[in-house]
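Asks: After the structure tokens below, expect a handful of questions from me.
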Amino acid sequence: MTASLSRRSLMGAGAIGLAAFAVPGLTSCSTSSESPGPKGAKPVTGGSLRVGLTGGGSTESLDPHFQFLAPDLVRSFALYAYLGEHDGQAKPSPLLAESVEPSDAKATTWDIRLRKGLEFHNGKTVSSDDLIFSLRRMLDPAMQSSGALLLPWVDAQSLKAMDERTVRVTLDRSVSIFDEALFNFLTTVLPVDFDPANPVGAGPFKFDSFTPGDRSVFTRFDNYFAGSSYVDQLEVITFNDDTAQINALLGSEIDIAGGLSPAGAAVGEQSGITVVTTPSMGWQPLTMRMDVAPFDDPQVRAAFRLIADRDQIVEQTYSGRGAARNDMYGWDSDGYLADVDQRAQDLEEARALLEAAGLTDLTIDLQTTPALPGQVEICQVFAEQAKAAGVTVNVNKSTPDVYYAKHYLSAEFATDTFANVPYLNNTLQCQLSTSPYNATHWSDDEFNALYDKALSTTDAAARAAVIEDMQRIQHERGSLLIAASFDGLDATSTQVNGLRSNESWAFPMNGYHLERVWLS
Amino acid sequence: MTDHQSVSAPRRRARGERFPTLRRAWRYGHTKAGLVLLVLVVLMAVVGPAIAPHSPTEFVGRPFAPPGQGALLGTDSLGHDVWTRVLYGGRTVLWTSIAATVIGMVLGTTLGLYAGFVRGAVDGLISRSLDVVLAFPQLVLVLLFVSMLGSHLWLIVLLSGVAIAPGVARVSRGMTMDLATRDFVRSAELLGLGRTRLLFGEVLPGLTSPLLVEATMRLMWSIGLIAGVSFLGFGVQAPAADWGLMINENRNGFSLQPWAVLAPVTMLGLLASGSGLVAEGLSRALALVSSAEMNP
Amino acid sequence: MAVVTRDAAPRVHWLVRRLLASLAVLFVVSLVVFAATQALPSDPAEAILGRDATPERVAALRDQLNLDRSLPSQYVSWLGGILQGDLGESLTRRAPFADALVSRFSNSFVLFAVASLIAVPLSLVFGVLGATRRDSWGDRVGVTVSLLLSAVPEFVIGVLLTLLLATTVFHIFTPVALVPEGESILKHPEAMALPVLTLVLAVVPYLNRLVRAAMTDTLGADYVQMARLKGISESQIARRHALPNTLIPVVQASALVMAYLFSGVLVVEFLFRYPGLGTMLADAVANRDLPVIQAVTLVYAASIVLLNLSADVLTIWLSPRLRTGDVR
């Protein structure tokens with residue numbers, strides 16, 4: 001027993017620390033399996049944990065409100081603590097917040113109450129002034145953070161400190177799921193004198209050094225509210241290359257290789273490395289713009305959805321590490337339409353529909369970019385499948401900068417990647433006319449009305465019923481082709497303990513909770 | 001520059017003595033082996049698609065599956081049949097490296113001819129321009145323009161040709177300077193032959209043998225250069241089957257399924273080796289030691 | 001052999017002319033580099049902002065980067081800055097990158113130097129051996145192996161070596177060079193093992209055949225025949241007569257091969273994540289980071305020009321005949 005563990009046990013129910021050591025499978029989901037280490041081994045403190053990631057670059061940033069790249073997110077979760085998250089059971093779980101409750105019946109005002117005794121790295125107590133500062137920074141139009149788009153209903157001027165750890169938020173409409181929306185990866189609490197060059201947060205690790213595109217070092221913060229980390233130091237290293245990343249793990253130069261491609265994971269397994277799987281961590285839709293030809297015709301959209309051989313997509317794109325999906329997201333949310341038949345490939349019907357629409361020998365460009373593993377491959381697989389239906393799909397791969405400048409949100413047929421977050425959160429991101437990532441320009445009156453209703457419905461069961469109706473619309477005439485979900489894959493060396501497979505995190509490495517990892 | 005010994009001046013020879021260099025070269029084991037390799041690879045590239053068991057974009061199994069039924073050499077990163085893609089993958093490499101070599105040879109030879117013959121300011125200008133091109137590492141030159149204009153095949157071919165040209169130009173310049181002093185050229189000049197006719201009619205034929213050696217060497221180089229460009233991700237794009245691209249696409253699964261990389265490596269190696277062996281045979285035949293081999 | 005005239009003036013003359021020519025080449029190179037980066041089809045500001053490109057932000061960035069000034073004006077200020085040591089800011093890091101460039105350059109230089117120091121002598125040895133034992137069984141094997149190896153692209157050699165020595169068969173070396181940014185590679189010499197081995201295996205097969213060819217040529221020359229007739233032993237001939245005269249073309253060839261090494265180094269660095277100039281360029285190209293692309297390309301070109309200049313100086317020094325200033 002170490003000091004940190006006993007502090008952990010003092011935190012009381014609901015503390016994340018205890019939850020991590022709960023008996024596996026207690027709350028729901030499939031059996032989770034632990035990362036290697038002798039069964040029942042006691043955690044040990046000490047050591048330096050080295051995490052290698054791809055998908056970074058010299059545009060990496062320590063600013064918590066500008067997090068796009070995978071290495072950025074790892075650092076954010078290390079340095080800063082969030083108000084809450086969606087945990088391994090896909091349920092909203094408060095972190096820095098003690099509670100997030102509506103303070104009126106219509107859920108137009110909410111009270112965010114911080115835990116008692118929270119400290120920043122510099123010893124200062126976290127107070128409601130800090131929370132107000134952080135929220136204002138996130139919502140500030142001059143900052144142009146995407147955080148503002150994730151909480152569009154908040155009136156920044158109205159934020160009011162009710163006491164030294166409670167803040168009242170006034171929304172411009174009734175939002176029953178505000179707590180769910182609040183628990184995203186941008187809503188952190190920063191001290192009022194926050195300086196991005198020398199970042200101070202309330203996360204489990206303190207800042208030591210940072211070189212964008214290369215590596216960063218963090219040291220343990222002893223007073224982390226959920227119990228200090230086991231390892232003394234955390235190092236985050238960016239790799240340009242899948243191969244270099246997995247080779248570094250095999251050569252014992254790093255301890256964890258996060259966010260692997262299926263091939264990388266297979267290489268690791270071949271060498272006896274353990275792979276931590278986060279099933280169905282995200283989804284990569286093919287986006288069909290419904291306000292221009294040819295996808296303005298719902299028959300054409302339906303035809304394309306019938307072209308997809310979903311099992312083959314899972315097999316060829318993700319090497320089987322994923323699941324076939326039914327053109328709907330939010331499969332972990334209440335109200336997911338599970339009783340609808342799984343759509344399968346039906347080339348005859350697809351051809352018939354296309355003929356009816358007058359598009360027998362259709363040729364179309366599909367825009368993609370290698371932003372994440374699978375995003376290009378899924379296009380190539382679909383293009384091959386489309387041939388059998390008489391459709392010629394030209395996959396156009398651009399580098400991320402060109403893709404996001406030229407094609408993203410404007411191409412008629414393109415791709416994207418989303419994390420598996422609660423249904424209404426995903427909807428807010430991409431299926432409203434006000435959404436920041438609405439590549440399909442989806443706008444359906446019936447759907448919008450239902451969304452409004454869902455936001456205003458405070459009763460969870462009633463809300464689930466509304467969500468079901470929304471999904472029915474998306475399933476019938478939606479503009480997203482969601483053929484599959486993919487698993488998150490992390491490989492760890494045998495010294496690493498504390499990471500569990502088969503939990504429903506939205507992010508790799510158990511939601512980036514590296515403070516729970518120990519080295520044996 | 002070392003003297004070369006065997007560029008012959010008279011143009012008309014008896015039938016049995018035509019192309020003495022080639023005949024001599026043929027006698028070496030090197031040349032025979034090289035030609036065999038080249039023919040094999042070219043045949044495979046040209047005829048391959050006709051005998052392939054699958055389509056190069058068809059899925060025959062899980063990605064990086066080991067050799068088994070339906071996939072003689074296993075599958076690649078997306079689940080295609082490696083053997084089929086090897087059969088289809090030579091065409092682009094062949095035409096791009098041949099095209100680049102041709103461009104380089106034509107450009108280099110012409111520039112060299114003019115520089116070597118006219119001398120003076122023209123020579124200075126051409127030589128300096130070549131020095132500018134030579135100042136860039138070949139790959140950097142290609143990358144510089146590809147990064148700005150995008151990875152278009154024609155651009156890569158053109159740039160590779162430009163990168164190759166200076167070496168060729170140096171060779172032809174050197175030889176032209178030497179040939180220009182010979183009697184048969186002088187007499188043609190006195191006869192009032194126009195410069196172009198002079199260069200391409202009288203001088204150039206004398207250069208054919210060393211240029212042939214150059215060409216085979218350059219072919220070997222351009223294969224490596226273009227494969228390198230593909231490796232960095234700027235060449236042919238998926239899902240096209242191309243040997244260079246296959247090495248890039250499949251290298252992260254090498255330990256899972258080595259054939260997806262080894263097969264295209266072997267083909268590229270055979271192609272380049274064949275070219276190199278033929279070059280070796282030709283150069284020995286010419287007993288040409290300096291110019292051809294000394295100018296990469 | 002011509003009579004040596006020790007006349008310093010033509011040598012200095014020649015040196016000065018050579019230097020001026022090199023400078024002229026560099027100037028034109030800078031023009032080419034600058035012009036190339038103007039060929040970008042997409043707006044550099046848009047390309048950088050990517051996902052967050054709004055018209056206001058694009059305009060602000062364009063202003064910040066002086067992209068709206070006339071081309072000649074941009075070129076002059078860019079060149080002027082470089083000559084004063086101000087390389088500008090990296091577009092992606094929004095910070096000066098001169099220090100990073102120096103550090104990366106020195107790492108690449110070390111890799112290049114170590115590889116050359118091993119490859120050149122090895123090539124000389126194998127080349128001379130091959131020439132003196134020409135057409136022997138060993139020589140034939142050597143030539144064939146060299147031909148085959150030199151046909152294989154260097155990154156393939158690197159991949160195969162990684163699998164053989166680092167990850168799959170043996171585990172002797174580290175597969176990836178994990179060196180903190182800014183630290184010299186000399187503090188982590190083990191990270192150079194695989195890259196150097198790859199480069200040596202890529203270069204020696206080619207260079208040794210050049211040496212062999214040059215040597216063979218020399219060994220066939222008249223004065224060597226004379227020496228043989230006089231009864232001087234083969235090894236003496238090789239050492240005293242053939243080798244010195246082979247050195248000139250070998251020096252030229254080595255320079256050209258080393259220039260080729262620059263290309264090879266780029267790919268090898270990329271493969272091993274070696275913290276050198278090559279990976280810096282590859283990253284910059286991926287990010288369309290114009291100032292960095294320009295600066296790194298210039299550095300490469302300057303290095304090659306310097307290399308060639310050194311080779312020419314060495315050649316002049318080695319060759320009495322050429323010292324009189326009658327140089328082509």
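We name chains A, B, ... following the order of the structure tokens; residues begin at 1 in each chain, and ligands are numbered from 1 as shown.
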Give me, as a VMD selection string, all polymer residues having an atom no more than 12 Å from region 187-189 of chain B, counting only C-alpha atoms and skipping those fewer than 4 positions away in the same chain.
Replies: chain B and resid 117 180 to 183 193 to 199 201 to 203
Asks: For Gly269 (chain B), find every residue with an atom within 8 Å (counting only C-alpha atoms), except residues of its own chain fewer than 6 positions away, and show them as a ChimeraX atom specification.
Replies: /C:148,151-152
Asks: Those same residues - C-alpha atoms - I'd like them written as a short mmCIF file (atom, residue, chain, number, x, y, z; two decimals), in the first residue's frame.
Replies:
```cif
data_model
loop_
_atom_site.label_atom_id
_atom_site.label_comp_id
_atom_site.auth_asym_id
_atom_site.auth_seq_id
_atom_site.Cartn_x
_atom_site.Cartn_y
_atom_site.Cartn_z
CA LEU C 148 22.95 -6.24 -57.24
CA ALA C 151 20.42 -1.69 -57.74
CA VAL C 152 18.42 -1.88 -54.54
#
```
Asks: What are the nearest atom pairs, with distances in Å to one decimal, for all residues of chain B that come at most 6 Å from chain C, using only C-alpha atoms, set out by chain and rising residue number as a tab-separated table?
Replies:
```
residue	atom	partner	partner_atom	distance
B:Val132	CA	C:Val25	CA	5.4
B:Ala135	CA	C:Ala301	CA	4.8
B:Phe136	CA	C:Ala301	CA	5.2
B:Pro137	CA	C:Ser263	CA	5.3
B:Leu139	CA	C:Ser263	CA	5.4
B:Ser147	CA	C:Val285	CA	5.7
B:Met148	CA	C:Leu40	CA	4.5
B:Leu149	CA	C:Leu40	CA	5.8
B:Gly224	CA	C:Pro153	CA	5.2
B:Gly269	CA	C:Val152	CA	5.3
B:Ala272	CA	C:Ala151	CA	5.1
B:Ser273	CA	C:Ala151	CA	5.3
B:Val289	CA	C:Ala213	CA	5.7
B:Met294	CA	C:Ala253	CA	5.7
```
Asks: Export C-alpha atoms of the chosen residues as a compact mmCIF listing (two decimals), in the first residue's frame?
Replies:
```
# COMPACT_ATOMS: atom_id res chain seq x y z
CA VAL B 132 22.80 24.71 -60.80
CA ALA B 135 23.71 21.54 -56.88
CA PHE B 136 20.42 20.00 -55.76
CA PRO B 137 20.34 16.47 -54.46
CA LEU B 139 15.47 13.82 -54.48
CA SER B 147 5.48 19.67 -52.81
CA MET B 148 4.33 22.82 -54.53
CA LEU B 149 2.55 21.43 -57.53
CA GLY B 224 15.87 4.18 -57.66
CA GLY B 269 15.95 -5.10 -57.99
CA ALA B 272 17.69 -2.27 -62.00
CA SER B 273 20.24 -5.08 -61.82
CA VAL B 289 36.34 3.47 -68.29
CA MET B 294 32.58 8.31 -63.49
```
Asks: Can you tell me, as a list of chain:residue names, what residues are no more than 10 Å from Gly88 (chain C) when counting only C-alpha atoms, ignoring any on the same chain fewer than 4 positions away?
Replies: C:Leu65, C:Trp78, C:Gly81, C:Ile82, C:Arg94, C:Ala95, C:Pro96, C:Phe97, C:Ala98, C:Pro291, C:Val292, C:Ala295
Asks: Restricting the output to C-alpha atoms, write the selected residues as a PDB file, in the first residue's frame.
Replies:
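Wrote selection-v2.pdb, looks like this:
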```pdb
ATOM      1  CA  LEU C  65       3.675  36.816 -43.674  1.00  0.00           C
ATOM      2  CA  TRP C  78      14.107  36.997 -48.067  1.00  0.00           C
ATOM      3  CA  GLY C  81      17.486  38.158 -44.365  1.00  0.00           C
ATOM      4  CA  ILE C  82      19.227  34.881 -45.070  1.00  0.00           C
ATOM      5  CA  ARG C  94       5.421  30.644 -35.733  1.00  0.00           C
ATOM      6  CA  ALA C  95       8.908  30.843 -34.317  1.00  0.00           C
ATOM      7  CA  PRO C  96      12.441  31.267 -35.664  1.00  0.00           C
ATOM      8  CA  PHE C  97      13.939  27.980 -36.713  1.00  0.00           C
ATOM      9  CA  ALA C  98      17.583  28.912 -37.274  1.00  0.00           C
ATOM     10  CA  PRO C 291      10.581  29.362 -45.216  1.00  0.00           C
ATOM     11  CA  VAL C 292      11.873  26.045 -43.919  1.00  0.00           C
ATOM     12  CA  ALA C 295      16.258  27.383 -46.155  1.00  0.00           C
TER      13      ALA C 295
END
```
Asks: Can you pull out every residue within 7 Å of region 161-170 of chain A, counting only C-alpha atoms, but drop anything in the same chain fewer than 2 positions away, and send it as a list in words?
Replies: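 The residues that qualify are Thr108, Thr109, Trp110, Asp111, Ile112, Arg113, Leu114, Ser127, Ser128, Asp129, Val154, Asp155, Ser158, Leu159 and Asp172 of chain A.
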Asks: From the list B:Trp26, B:Phe200, B:Trp154, B:Trp83, which residue is nearest Val236 (chain B) when using only C-alpha atoms?
Replies: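 That would be B:Trp154, the residue with the smallest distance to Val236 (chain B).
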Asks: Kindly provide the residues of chain B that approach chain A to within 7 Å, each paired with its closest atom pair and their distance in Å to one decimal, based on only C-alpha atoms, listed by chain and increasing number, as a tab-separated table.
Replies:
```
residue	atom	partner	partner_atom	distance
B:Thr57	CA	A:Glu384	CA	6.8
B:Arg62	CA	A:Gln316	CA	5.9
B:Pro63	CA	A:Ser319	CA	6.1
B:Leu78	CA	A:Gln316	CA	5.5
B:Gly79	CA	A:Gln316	CA	5.9
B:Pro239	CA	A:Gln380	CA	7.0
B:Asn252	CA	A:Thr243	CA	5.2
B:Gly253	CA	A:Ala263	CA	5.9
B:Ser255	CA	A:Val267	CA	6.7
B:Leu256	CA	A:Val267	CA	6.2
```
Asks: Chain A near chain C within 10 Å: what's each residue's closest atom pair and its distance in Å to one decimal, counting only C-alpha atoms, ordered by chain then ascending residue number, as a tab-separated table?
Replies:
```
residue	atom	partner	partner_atom	distance
A:Gly57	CA	C:Asp283	CA	7.9
A:Ser58	CA	C:Arg93	CA	6.0
A:Thr59	CA	C:Thr92	CA	5.5
A:Glu60	CA	C:Arg93	CA	8.4
A:Ser61	CA	C:Arg93	CA	9.4
A:Phe68	CA	C:Arg51	CA	9.9
A:Gln144	CA	C:Asp52	CA	8.6
A:Ser145	CA	C:Asp52	CA	9.3
A:Ser146	CA	C:Asp52	CA	9.2
A:Phe210	CA	C:Glu181	CA	9.9
A:Thr211	CA	C:Glu181	CA	7.2
A:Pro212	CA	C:Arg93	CA	7.7
A:Gly213	CA	C:Arg93	CA	9.4
A:Asp214	CA	C:Glu181	CA	6.7
A:Arg215	CA	C:Pro180	CA	7.2
A:Ser216	CA	C:Pro180	CA	9.5
A:Ile237	CA	C:Leu178	CA	9.0
A:Phe239	CA	C:Arg273	CA	7.9
A:Asn240	CA	C:Arg273	CA	7.6
A:Asp241	CA	C:Arg273	CA	8.3
A:Thr243	CA	C:Leu271	CA	8.8
A:Ala244	CA	C:Val176	CA	6.1
A:Gln245	CA	C:Val176	CA	8.4
A:Ile246	CA	C:Val176	CA	9.7
A:Asn247	CA	C:Pro175	CA	6.0
A:Ala248	CA	C:Val176	CA	6.0
A:Leu249	CA	C:Pro175	CA	9.6
A:Leu250	CA	C:Thr167	CA	6.7
A:Gly251	CA	C:Thr174	CA	6.0
A:Ser252	CA	C:Thr174	CA	8.7
A:Glu253	CA	C:Leu178	CA	7.6
A:Ile254	CA	C:Leu178	CA	9.5
A:Ser271	CA	C:Thr168	CA	8.5
A:Thr399	CA	C:Ala286	CA	7.5
A:Pro400	CA	C:Gly50	CA	7.5
A:Asp401	CA	C:Gly50	CA	4.9
A:Val402	CA	C:Ala47	CA	5.9
A:Tyr403	CA	C:Gly50	CA	7.6
A:Tyr404	CA	C:Arg51	CA	4.6
A:Ala405	CA	C:Gly50	CA	4.7
A:Lys406	CA	C:Gly50	CA	8.4
A:His407	CA	C:Arg51	CA	9.9
A:Tyr408	CA	C:Arg51	CA	7.6
A:Leu409	CA	C:Arg51	CA	9.5
```
Asks: Run DSSP on the backbone of this structure and report the residues of region 74-215 of chain C it assigns to strand (DSSP E), as a list of chain:residue names.
Replies: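 These are the residues in question: C:Glu89, C:Ser90, C:Ala95, C:Pro96.
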Asks: Go ahead and write the residues just picked, N, CA and C atoms, as an mmCIF file, in the first residue's frame.
Replies:
```cif
data_model
loop_
_atom_site.group_PDB
_atom_site.id
_atom_site.type_symbol
_atom_site.label_atom_id
_atom_site.label_comp_id
_atom_site.auth_asym_id
_atom_site.auth_seq_id
_atom_site.Cartn_x
_atom_site.Cartn_y
_atom_site.Cartn_z
ATOM 1 N N GLU C 89 10.705 32.942 -39.831
ATOM 2 C CA GLU C 89 9.988 32.075 -38.894
ATOM 3 C C GLU C 89 9.397 30.888 -39.622
ATOM 4 N N SER C 90 9.378 29.780 -38.944
ATOM 5 C CA SER C 90 8.679 28.622 -39.494
ATOM 6 C C SER C 90 7.189 28.935 -39.500
ATOM 7 N N ALA C 95 7.740 30.476 -35.112
ATOM 8 C CA ALA C 95 8.908 30.843 -34.317
ATOM 9 C C ALA C 95 10.145 30.689 -35.193
ATOM 10 N N PRO C 96 11.221 31.406 -34.865
ATOM 11 C CA PRO C 96 12.441 31.267 -35.664
ATOM 12 C C PRO C 96 12.952 29.834 -35.588
#
```
Asks: Please provide the set of residues having any atom within 8 Å of Arg75 (chain A), restricted to only C-alpha atoms, with same-chain residues fewer than 3 positions apart removed, written as a tab-separated table (two decimals) with N, CA and C atoms, in the first residue's frame.
Replies:
```tsv
chain	number	residue	atom	x	y	z
A	62	LEU	N	-0.07	23.43	-26.74
A	62	LEU	CA	-0.40	23.14	-25.35
A	62	LEU	C	-1.66	23.87	-24.91
A	71	PRO	N	-1.50	13.73	-30.07
A	71	PRO	CA	-0.58	14.03	-28.98
A	71	PRO	C	-1.05	15.21	-28.12
A	72	ASP	N	-1.72	16.19	-28.75
A	72	ASP	CA	-2.25	17.31	-27.99
A	72	ASP	C	-3.21	16.82	-26.91
A	78	ALA	N	-3.19	15.14	-19.41
A	78	ALA	CA	-2.16	15.08	-18.38
A	78	ALA	C	-2.09	16.39	-17.60
A	79	LEU	N	-2.06	17.50	-18.33
A	79	LEU	CA	-1.86	18.81	-17.70
A	79	LEU	C	-3.12	19.38	-17.06
A	236	VAL	N	5.75	12.29	-23.60
A	236	VAL	CA	4.91	12.07	-24.77
A	236	VAL	C	5.75	12.35	-26.01
```
Asks: If you count only C-alpha atoms, which residues fall within 10 Å of Asp361 (chain A), apart from same-chain ones fewer than 5 positions away, as a list in words?
Replies: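 Neighbouring residues, sequence-local ones excluded: Arg351, Leu354, Glu355, Lys387, Ala389, Gly390, Val391 and Thr392 of chain A.
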Asks: Produce a file of the selected residues containing C-alpha atoms, as a PDB file, in the first residue's frame.
Replies:
```pdb
ATOM      1  CA  ARG A 351     -28.836  -0.395 -59.309  1.00  0.00           C
ATOM      2  CA  LEU A 354     -30.002   4.572 -59.406  1.00  0.00           C
ATOM      3  CA  GLU A 355     -31.791   3.743 -62.629  1.00  0.00           C
ATOM      4  CA  LYS A 387     -17.902  -0.933 -59.244  1.00  0.00           C
ATOM      5  CA  ALA A 389     -23.207  -1.437 -58.950  1.00  0.00           C
ATOM      6  CA  GLY A 390     -22.012   0.402 -62.012  1.00  0.00           C
ATOM      7  CA  VAL A 391     -20.796   3.390 -60.021  1.00  0.00           C
ATOM      8  CA  THR A 392     -17.283   4.695 -60.599  1.00  0.00           C
TER       9      THR A 392
END
```
Asks: Find the spatial neighbours of region 297-305 of chain A, counting only C-alpha atoms, within a cut-off of 8 Å - ignore same-chain residues fewer than 3 positions away - and output them as a list of chain:residue names.
Replies: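 Returned residues: A:Met288, A:Met290, A:Ala293, A:Pro294, A:Ala308, A:Asp327, A:Gln345, A:Glu349, A:Ala350, A:Arg351, A:Leu353, A:Leu354, A:Ala357, A:Glu476, A:Arg477, A:Gly478, A:Ser479, A:Leu481.
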Asks: So that I have them on file, write out the residues from the current selection with C-alpha atoms, as a PDB file, in the first residue's frame.
Replies:
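Result saved to selection.pdb:
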```pdb
ATOM      1  CA  MET A 288     -23.094  12.805 -48.861  1.00  0.00           C
ATOM      2  CA  MET A 290     -27.785  16.459 -49.557  1.00  0.00           C
ATOM      3  CA  ALA A 293     -26.808  16.656 -56.960  1.00  0.00           C
ATOM      4  CA  PRO A 294     -26.655  13.720 -56.924  1.00  0.00           C
ATOM      5  CA  ALA A 308     -21.793  -0.851 -48.927  1.00  0.00           C
ATOM      6  CA  ASP A 327     -25.996   4.265 -40.723  1.00  0.00           C
ATOM      7  CA  GLN A 345     -25.396  -4.963 -49.348  1.00  0.00           C
ATOM      8  CA  GLU A 349     -31.773  -2.773 -55.376  1.00  0.00           C
ATOM      9  CA  ALA A 350     -29.007  -0.173 -55.532  1.00  0.00           C
ATOM     10  CA  ARG A 351     -28.836  -0.395 -59.309  1.00  0.00           C
ATOM     11  CA  LEU A 353     -32.729   2.902 -57.398  1.00  0.00           C
ATOM     12  CA  LEU A 354     -30.002   4.572 -59.406  1.00  0.00           C
ATOM     13  CA  ALA A 357     -33.058   8.332 -60.451  1.00  0.00           C
ATOM     14  CA  GLU A 476     -34.449   6.108 -43.570  1.00  0.00           C
ATOM     15  CA  ARG A 477     -33.302   9.162 -45.425  1.00  0.00           C
ATOM     16  CA  GLY A 478     -30.142  10.402 -43.729  1.00  0.00           C
ATOM     17  CA  SER A 479     -27.072  11.693 -45.488  1.00  0.00           C
ATOM     18  CA  LEU A 481     -23.167   6.426 -44.729  1.00  0.00           C
TER      19      LEU A 481
END
```
Asks: Given the choices A:Asn122, A:Thr188, A:Ser456, A:Asn420, which gets closest to Phe221 (chain A) if the distance is worked out from only C-alpha atoms?
Replies: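 Under the stated criterion, the closest residue is A:Asn122.
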Asks: Considering only alpha helix (DSSP H) as DSSP defines it on the backbone, what residues of region 194-297 of chain C qualify? List them as a ChimeraX atom specification.
Replies: /C:194-219,222-230,234-236,243-272,277-287,290-297
